[in-house]
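Content type mmCIF, C-alpha atoms, from the file coords-v3.cif:
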```cif
data_final
loop_
_atom_site.label_atom_id
_atom_site.label_comp_id
_atom_site.auth_asym_id
_atom_site.auth_seq_id
_atom_site.Cartn_x
_atom_site.Cartn_y
_atom_site.Cartn_z
CA MET A 1 20.53 12.21 23.68
CA VAL A 2 24.19 11.49 23.10
CA GLU A 3 25.40 12.74 19.73
CA LEU A 4 27.40 10.49 17.43
CA SER A 5 30.20 13.07 17.29
CA ASP A 6 30.48 12.89 21.10
CA THR A 7 30.67 9.09 21.16
CA PRO A 8 34.11 7.58 21.78
CA ALA A 9 35.25 4.90 19.29
CA GLU A 10 34.96 2.09 21.84
CA SER A 11 31.27 2.98 22.37
CA LEU A 12 30.21 3.08 18.70
CA ASP A 13 28.70 -0.42 18.69
CA LYS A 14 26.58 0.47 21.72
CA PHE A 15 25.54 3.79 20.12
CA ILE A 16 24.45 2.00 16.96
CA GLU A 17 22.50 -0.59 18.93
CA ASP A 18 20.82 2.03 21.13
CA HIS A 19 20.04 4.69 18.53
CA LEU A 20 20.07 3.27 15.00
CA LEU A 21 19.12 -0.42 14.94
CA SER A 22 15.54 -1.56 15.33
CA ASN A 23 14.75 -3.41 18.53
CA GLU A 24 15.54 -7.10 18.95
CA GLU A 25 11.87 -8.15 18.94
CA PHE A 26 11.30 -6.48 15.56
CA ARG A 27 14.45 -8.03 14.08
CA THR A 28 13.31 -11.46 15.29
CA GLN A 29 9.84 -11.01 13.80
CA VAL A 30 11.29 -9.84 10.47
CA LYS A 31 13.71 -12.78 10.42
CA GLN A 32 10.77 -15.14 10.94
CA ALA A 33 8.82 -13.42 8.14
CA ILE A 34 11.81 -13.73 5.78
CA ASP A 35 12.17 -17.41 6.65
CA ILE A 36 8.46 -17.93 5.88
CA ILE A 37 8.84 -16.18 2.51
CA CYS A 38 11.98 -18.22 1.69
CA THR A 39 10.21 -21.47 2.56
CA PHE A 40 7.26 -20.38 0.44
CA LEU A 41 9.57 -19.66 -2.51
CA LYS A 42 11.33 -23.02 -2.22
CA GLU A 43 8.30 -25.20 -1.57
CA ARG A 44 5.33 -23.59 -3.29
CA CYS A 45 6.53 -21.57 -6.27
CA PHE A 46 6.91 -23.35 -9.58
CA ARG A 47 5.42 -26.60 -8.24
CA CYS A 48 3.89 -27.40 -11.63
CA ALA A 49 6.67 -25.99 -13.79
CA PRO A 50 9.96 -27.36 -15.10
CA HIS A 51 11.78 -24.73 -13.04
CA ARG A 52 12.26 -25.02 -9.30
CA VAL A 53 13.87 -22.78 -6.74
CA SER A 54 17.25 -24.29 -5.91
CA LYS A 55 18.17 -21.70 -3.28
CA VAL A 56 17.32 -18.26 -1.98
CA VAL A 57 20.05 -15.83 -0.97
CA LYS A 58 19.02 -13.18 1.55
CA GLY A 59 20.24 -9.60 1.36
CA GLY A 60 19.14 -6.11 2.25
CA SER A 61 19.22 -4.79 5.79
CA SER A 62 16.60 -7.26 7.05
CA GLY A 63 18.17 -10.21 5.27
CA LYS A 64 21.52 -9.40 6.88
CA GLY A 65 20.04 -8.61 10.31
CA THR A 66 21.05 -4.93 10.23
CA THR A 67 17.57 -3.41 10.09
CA LEU A 68 17.55 0.28 10.93
CA ARG A 69 14.70 1.98 12.77
CA GLY A 70 11.99 3.16 10.44
CA ARG A 71 13.48 1.52 7.34
CA SER A 72 13.89 -2.13 6.56
CA ASP A 73 14.17 -4.06 3.35
CA ALA A 74 14.93 -7.57 2.25
CA ASP A 75 16.35 -8.63 -1.09
CA LEU A 76 15.77 -12.26 -1.95
CA VAL A 77 17.72 -13.59 -4.92
CA VAL A 78 15.90 -16.70 -6.14
CA PHE A 79 18.08 -19.13 -8.08
CA LEU A 80 16.09 -21.27 -10.48
CA THR A 81 16.94 -24.73 -11.82
CA ASN A 82 16.77 -25.72 -15.47
CA LEU A 83 17.80 -22.33 -16.80
CA THR A 84 20.45 -22.69 -19.49
CA SER A 85 21.81 -19.14 -19.65
CA PHE A 86 21.68 -15.58 -18.41
CA ARG A 87 19.90 -14.74 -21.65
CA GLU A 88 17.08 -17.20 -20.90
CA GLN A 89 16.73 -15.80 -17.39
CA LEU A 90 16.68 -12.26 -18.76
CA GLU A 91 14.06 -13.05 -21.39
CA ARG A 92 11.82 -15.02 -19.01
CA ARG A 93 12.18 -13.12 -15.73
CA GLY A 94 8.81 -11.37 -16.22
CA GLU A 95 7.17 -14.80 -16.44
CA PHE A 96 8.99 -15.96 -13.28
CA ILE A 97 8.05 -12.81 -11.39
CA GLU A 98 4.42 -13.16 -12.45
CA GLU A 99 4.33 -16.75 -11.13
CA ILE A 100 5.80 -15.67 -7.78
CA ARG A 101 3.25 -12.83 -7.57
CA ARG A 102 0.38 -15.21 -8.40
CA GLN A 103 1.49 -17.69 -5.73
CA LEU A 104 1.92 -14.96 -3.08
CA GLU A 105 -1.55 -13.62 -3.77
CA ALA A 106 -3.02 -17.15 -3.63
CA CYS A 107 -1.41 -17.70 -0.23
CA GLN A 108 -2.85 -14.42 0.98
CA ARG A 109 -6.36 -15.40 -0.20
CA GLU A 110 -5.96 -18.79 1.49
CA LYS A 111 -4.80 -17.01 4.65
CA THR A 112 -1.67 -19.19 4.66
CA PHE A 113 0.23 -16.27 6.17
CA GLU A 114 -0.77 -13.93 8.98
CA VAL A 115 0.86 -11.09 7.11
CA LYS A 116 -0.43 -8.84 4.34
CA PHE A 117 1.37 -8.30 1.07
CA GLU A 118 0.96 -5.28 -1.11
CA VAL A 119 2.52 -6.11 -4.46
CA GLN A 120 3.87 -3.01 -6.18
CA LYS A 121 2.57 -2.14 -9.63
CA ARG A 122 4.67 -3.34 -12.55
CA GLN A 123 6.42 -0.47 -14.28
CA TRP A 124 7.97 -2.48 -17.11
CA GLU A 125 6.88 -5.33 -19.32
CA ASN A 126 9.85 -7.43 -18.21
CA PRO A 127 10.57 -6.24 -14.64
CA ARG A 128 13.86 -6.98 -12.88
CA ALA A 129 12.25 -7.87 -9.55
CA LEU A 130 8.96 -8.44 -7.80
CA SER A 131 8.57 -5.72 -5.20
CA PHE A 132 6.11 -5.98 -2.36
CA VAL A 133 5.55 -4.55 1.09
CA LEU A 134 4.92 -6.90 4.00
CA ARG A 135 2.76 -5.75 6.88
CA SER A 136 1.89 -7.71 9.97
CA PRO A 137 -0.06 -6.92 13.13
CA LYS A 138 3.04 -8.09 15.02
CA LEU A 139 5.40 -5.67 13.25
CA ASP A 140 5.42 -2.01 14.18
CA GLN A 141 6.69 -1.07 10.72
CA GLU A 142 6.54 -2.48 7.22
CA VAL A 143 9.26 -4.36 5.38
CA GLU A 144 9.97 -3.78 1.69
CA PHE A 145 10.87 -6.90 -0.30
CA ASP A 146 12.49 -7.32 -3.69
CA VAL A 147 12.50 -10.84 -5.11
CA LEU A 148 14.94 -11.25 -8.01
CA PRO A 149 14.93 -14.41 -10.14
CA ALA A 150 18.45 -15.46 -11.12
CA PHE A 151 20.39 -17.91 -13.23
CA ASP A 152 22.89 -19.83 -11.10
CA ALA A 153 25.86 -19.69 -13.47
CA LEU A 154 28.33 -20.66 -10.76
CA GLY A 155 26.40 -23.57 -9.29
CA GLU A 156 27.87 -24.57 -5.96
CA CYS A 157 30.58 -21.91 -6.24
CA SER A 158 27.97 -19.15 -5.87
CA GLN A 159 27.71 -19.96 -2.16
CA LEU A 160 31.23 -18.59 -1.75
CA LEU A 161 30.51 -15.18 -3.32
CA PRO A 162 28.98 -12.25 -1.44
CA LEU A 163 25.39 -11.29 -2.29
CA SER A 164 26.49 -7.81 -3.37
CA PHE A 165 28.50 -9.39 -6.20
CA LEU A 166 25.60 -11.57 -7.29
CA VAL A 167 23.08 -8.72 -7.18
CA SER A 168 25.40 -6.33 -9.03
CA GLU A 169 25.92 -8.99 -11.71
CA GLN A 170 22.13 -9.39 -11.90
CA LYS A 171 21.66 -5.63 -12.31
CA CYS A 172 24.27 -5.47 -15.07
CA LEU A 173 22.47 -8.19 -16.98
CA SER A 174 19.11 -6.51 -16.60
CA LEU A 175 20.16 -3.24 -18.24
#
```
Would you mind giving the structure from this file in structure tokens?
Amino acid sequence: MVELSDTPAESLDKFIEDHLLSNEEFRTQVKQAIDIICTFLKERCFRCAPHRVSKVVKGGSSGKGTTLRGRSDADLVVFLTNLTSFREQLERRGEFIEEIRRQLEACQREKTFEVKFEVQKRQWENPRALSFVLRSPKLDQEVEFDVLPAFDALGECSQLLPLSFLVSEQKCLSL
């Protein structure tokens, strides 16, 4: 195997593709799974509630298409309508996460998805995110998901900001 230290600069992209990134088939399958989860979040969650999902921003290695071999994750920041402040989002995020968990588990019971979800145990009364692991017979490895409810303080302007800014702002508010 060629070592990274022996790889000339002009061959780094090829080295990364050959030795670090997961294969194209896996990336495609994960992208499809993420799209299914995003559609689920937009169309099924909060159907009977005053809050709706206005948009989902994808992050993490799988969300950005940079999944490494043996380790992939997806962060989905879920922006909700009808929230009036960061404070409201902070105080109610446990309720939002519980609703997302309930809906995911209902879909699994209904066999809406071909994939299996293993929702991680809640460690706090008001958790910051819903964490679950997605497994599929088509995937040769699992994908870790974090779904973070968020207040869209910037409205349309938030589409111009990078996800890392939005997630870091979310983390600051959750402390």
Translate the PyMOL selection byres ((chain A and resi 145) around 9) into a concrete residue list for this structure, as JSON, numbers by chain. {"A": [60, 72, 73, 74, 75, 76, 130, 131, 132, 133, 134, 143, 144, 146, 147]}
Keeping only C-alpha atoms, write the selected residues to a file as a JSON list (two decimals), in the frame of the given file.
```
[["chain", "number", "residue", "atom", "x", "y", "z"],
["A", 60, "GLY", "CA", 19.14, -6.11, 2.25],
["A", 72, "SER", "CA", 13.89, -2.13, 6.56],
["A", 73, "ASP", "CA", 14.17, -4.06, 3.35],
["A", 74, "ALA", "CA", 14.93, -7.57, 2.25],
["A", 75, "ASP", "CA", 16.35, -8.63, -1.09],
["A", 76, "LEU", "CA", 15.77, -12.26, -1.95],
["A", 130, "LEU", "CA", 8.96, -8.44, -7.80],
["A", 131, "SER", "CA", 8.57, -5.72, -5.20],
["A", 132, "PHE", "CA", 6.11, -5.98, -2.36],
["A", 133, "VAL", "CA", 5.55, -4.55, 1.09],
["A", 134, "LEU", "CA", 4.92, -6.90, 4.00],
["A", 143, "VAL", "CA", 9.26, -4.36, 5.38],
["A", 144, "GLU", "CA", 9.97, -3.78, 1.69],
["A", 146, "ASP", "CA", 12.49, -7.32, -3.69],
["A", 147, "VAL", "CA", 12.50, -10.84, -5.11]]
```
Given the PyMOL selection byres ((chain A and resi 68) around 7) and the file above, list the residues it selects as JSON, numbers by chain. {"A": [20, 21, 22, 66, 67, 69, 70, 71, 72]}
Enter the distance from atom CA of A:Val119 to atom CA of A:Gln103, in Å, rounded to one decimal.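 Pair atom CA of A:Val119 / atom CA of A:Gln103 returns 11.7 Å.
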Choose the residue, out of A:Glu88, A:Ser5, A:Val57, A:Gln29, that has the smallest atom-to-atom separation from A:Arg135; count all atoms listed in the file.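 Smallest separation from A:Arg135 among the options: A:Gln29.
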Step by step, work through what the PyMOL selection byres ((chain A and resi 83-85) around 9) selects in the shown file, and finish by giving those residues as a list of chain:residue names.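 Evaluating the PyMOL selection byres ((chain A and resi 83-85) around 9) on these coordinates yields A:His51, A:Leu80, A:Thr81, A:Asn82, A:Phe86, A:Arg87, A:Glu88, A:Gln89, A:Leu90, A:Ala150, A:Phe151, A:Asp152, A:Ala153.
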Between atom CA of A:Val78 and atom CA of A:Leu148 lies a distance of 5.8 Å
As AutoDock Vina command-line options, what would the box around stretch 36-50 of chain A look like: edges along x, y and z, 5 Å added on every side, centre and edge lengths in Å to one decimal?
```
--center_x 7.9 --center_y -21.8 --center_z -4.6 --size_x 18.1 --size_y 21.2 --size_z 31.0
```
Please compute the atom CA of A:Ser54-atom CA of A:Glu98 distance, one decimal, in Å. 18.2 Å
Compare A:Glu110, A:Glu3, A:Glu43, A:Glu142 by their minimum atom-to-atom distance to A:His19, counting all atoms listed in the file, and give me the closest one.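 Counting all atoms listed in the file, the residue closest to A:His19 is A:Glu3.
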For each of A:Val56, A:Pro149, A:Pro50, A:Gly94, take the minimum atom-to-atom distance to A:Cys38, counting only C-alpha atoms, then give the residue where this is smallest.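 Among the listed residues, A:Val56 lies closest to A:Cys38.
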List as a list of chain:residue names the protein and nucleic acid residues near A:Ile100, meaning an atom at most 8 Å away when only C-alpha atoms are counted, but skip any in the same chain fewer than 6 places from it.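 Using only C-alpha atoms, the neighbours found are A:Leu41, A:Cys45, A:Phe46, A:Leu130.
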Which one is closest to A:Lys58: A:Glu25, A:Arg93, A:Arg44, A:Asp35? Count all atoms listed in the file.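 Of all the options, A:Asp35 lies closest to A:Lys58.
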Atoms are missing here; could stretch 70-81 of chain A be completed with all heavy atoms and written as a PDB file, in the frame of the given file?
```
ATOM      1  N   GLY A  70      12.773   2.425  11.416  1.00  0.00           N
ATOM      2  CA  GLY A  70      11.990   3.160  10.440  1.00  0.00           C
ATOM      3  C   GLY A  70      12.228   2.770   8.992  1.00  0.00           C
ATOM      4  O   GLY A  70      11.537   3.232   8.101  1.00  0.00           O
ATOM      5  N   ARG A  71      13.183   1.893   8.737  1.00  0.00           N
ATOM      6  CA  ARG A  71      13.480   1.520   7.340  1.00  0.00           C
ATOM      7  C   ARG A  71      14.055   0.119   7.320  1.00  0.00           C
ATOM      8  O   ARG A  71      15.116  -0.131   7.871  1.00  0.00           O
ATOM      9  CB  ARG A  71      14.496   2.497   6.759  1.00  0.00           C
ATOM     10  CG  ARG A  71      15.008   2.127   5.410  1.00  0.00           C
ATOM     11  CD  ARG A  71      14.239   2.857   4.321  1.00  0.00           C
ATOM     12  NE  ARG A  71      14.885   2.624   3.036  1.00  0.00           N
ATOM     13  CZ  ARG A  71      14.303   1.950   2.066  1.00  0.00           C
ATOM     14  NH1 ARG A  71      13.115   1.456   2.237  1.00  0.00           N
ATOM     15  NH2 ARG A  71      14.912   1.777   0.927  1.00  0.00           N
ATOM     16  N   SER A  72      13.331  -0.797   6.702  1.00  0.00           N
ATOM     17  CA  SER A  72      13.890  -2.130   6.560  1.00  0.00           C
ATOM     18  C   SER A  72      13.497  -2.705   5.213  1.00  0.00           C
ATOM     19  O   SER A  72      12.408  -2.454   4.704  1.00  0.00           O
ATOM     20  CB  SER A  72      13.422  -3.044   7.698  1.00  0.00           C
ATOM     21  OG  SER A  72      12.026  -3.128   7.720  1.00  0.00           O
ATOM     22  N   ASP A  73      14.421  -3.432   4.638  1.00  0.00           N
ATOM     23  CA  ASP A  73      14.170  -4.060   3.350  1.00  0.00           C
ATOM     24  C   ASP A  73      14.840  -5.419   3.330  1.00  0.00           C
ATOM     25  O   ASP A  73      15.733  -5.700   4.117  1.00  0.00           O
ATOM     26  CB  ASP A  73      14.678  -3.189   2.199  1.00  0.00           C
ATOM     27  CG  ASP A  73      16.193  -3.118   2.137  1.00  0.00           C
ATOM     28  OD1 ASP A  73      16.831  -3.033   3.208  1.00  0.00           O
ATOM     29  OD2 ASP A  73      16.747  -3.149   1.034  1.00  0.00           O
ATOM     30  N   ALA A  74      14.346  -6.243   2.439  1.00  0.00           N
ATOM     31  CA  ALA A  74      14.930  -7.570   2.250  1.00  0.00           C
ATOM     32  C   ALA A  74      14.994  -7.826   0.753  1.00  0.00           C
ATOM     33  O   ALA A  74      14.013  -7.620   0.039  1.00  0.00           O
ATOM     34  CB  ALA A  74      14.085  -8.639   2.934  1.00  0.00           C
ATOM     35  N   ASP A  75      16.161  -8.218   0.293  1.00  0.00           N
ATOM     36  CA  ASP A  75      16.350  -8.630  -1.090  1.00  0.00           C
ATOM     37  C   ASP A  75      16.508 -10.140  -1.078  1.00  0.00           C
ATOM     38  O   ASP A  75      17.349 -10.663  -0.340  1.00  0.00           O
ATOM     39  CB  ASP A  75      17.596  -7.987  -1.699  1.00  0.00           C
ATOM     40  CG  ASP A  75      17.512  -6.471  -1.730  1.00  0.00           C
ATOM     41  OD1 ASP A  75      16.415  -5.944  -1.993  1.00  0.00           O
ATOM     42  OD2 ASP A  75      18.533  -5.817  -1.488  1.00  0.00           O
ATOM     43  N   LEU A  76      15.695 -10.809  -1.866  1.00  0.00           N
ATOM     44  CA  LEU A  76      15.770 -12.260  -1.950  1.00  0.00           C
ATOM     45  C   LEU A  76      16.101 -12.629  -3.390  1.00  0.00           C
ATOM     46  O   LEU A  76      15.289 -12.422  -4.296  1.00  0.00           O
ATOM     47  CB  LEU A  76      14.446 -12.901  -1.521  1.00  0.00           C
ATOM     48  CG  LEU A  76      13.967 -12.546  -0.114  1.00  0.00           C
ATOM     49  CD1 LEU A  76      12.599 -13.158   0.156  1.00  0.00           C
ATOM     50  CD2 LEU A  76      14.971 -12.990   0.932  1.00  0.00           C
ATOM     51  N   VAL A  77      17.302 -13.156  -3.594  1.00  0.00           N
ATOM     52  CA  VAL A  77      17.720 -13.590  -4.920  1.00  0.00           C
ATOM     53  C   VAL A  77      17.350 -15.065  -5.028  1.00  0.00           C
ATOM     54  O   VAL A  77      17.823 -15.898  -4.253  1.00  0.00           O
ATOM     55  CB  VAL A  77      19.236 -13.368  -5.138  1.00  0.00           C
ATOM     56  CG1 VAL A  77      19.638 -13.838  -6.534  1.00  0.00           C
ATOM     57  CG2 VAL A  77      19.593 -11.903  -4.936  1.00  0.00           C
ATOM     58  N   VAL A  78      16.461 -15.360  -5.977  1.00  0.00           N
ATOM     59  CA  VAL A  78      15.900 -16.700  -6.140  1.00  0.00           C
ATOM     60  C   VAL A  78      16.597 -17.368  -7.321  1.00  0.00           C
ATOM     61  O   VAL A  78      16.431 -16.954  -8.465  1.00  0.00           O
ATOM     62  CB  VAL A  78      14.379 -16.606  -6.398  1.00  0.00           C
ATOM     63  CG1 VAL A  78      13.788 -17.982  -6.606  1.00  0.00           C
ATOM     64  CG2 VAL A  78      13.689 -15.886  -5.253  1.00  0.00           C
ATOM     65  N   PHE A  79      17.388 -18.384  -7.028  1.00  0.00           N
ATOM     66  CA  PHE A  79      18.080 -19.130  -8.080  1.00  0.00           C
ATOM     67  C   PHE A  79      17.178 -20.255  -8.563  1.00  0.00           C
ATOM     68  O   PHE A  79      16.674 -21.043  -7.762  1.00  0.00           O
ATOM     69  CB  PHE A  79      19.412 -19.672  -7.565  1.00  0.00           C
ATOM     70  CG  PHE A  79      20.420 -18.591  -7.327  1.00  0.00           C
ATOM     71  CD1 PHE A  79      20.597 -18.052  -6.069  1.00  0.00           C
ATOM     72  CD2 PHE A  79      21.192 -18.098  -8.378  1.00  0.00           C
ATOM     73  CE1 PHE A  79      21.520 -17.042  -5.848  1.00  0.00           C
ATOM     74  CE2 PHE A  79      22.114 -17.088  -8.166  1.00  0.00           C
ATOM     75  CZ  PHE A  79      22.282 -16.560  -6.904  1.00  0.00           C
ATOM     76  N   LEU A  80      16.988 -20.302  -9.878  1.00  0.00           N
ATOM     77  CA  LEU A  80      16.090 -21.270 -10.480  1.00  0.00           C
ATOM     78  C   LEU A  80      16.869 -22.375 -11.195  1.00  0.00           C
ATOM     79  O   LEU A  80      17.905 -22.116 -11.809  1.00  0.00           O
ATOM     80  CB  LEU A  80      15.172 -20.571 -11.490  1.00  0.00           C
ATOM     81  CG  LEU A  80      14.283 -19.478 -10.894  1.00  0.00           C
ATOM     82  CD1 LEU A  80      13.616 -18.680 -11.998  1.00  0.00           C
ATOM     83  CD2 LEU A  80      13.255 -20.079  -9.963  1.00  0.00           C
ATOM     84  N   THR A  81      16.342 -23.592 -11.116  1.00  0.00           N
ATOM     85  CA  THR A  81      16.940 -24.730 -11.820  1.00  0.00           C
ATOM     86  C   THR A  81      16.480 -24.716 -13.273  1.00  0.00           C
ATOM     87  O   THR A  81      15.522 -24.030 -13.633  1.00  0.00           O
ATOM     88  CB  THR A  81      16.523 -26.061 -11.182  1.00  0.00           C
ATOM     89  OG1 THR A  81      15.108 -26.181 -11.294  1.00  0.00           O
ATOM     90  CG2 THR A  81      16.949 -26.145  -9.722  1.00  0.00           C
TER      91      THR A  81
END
```
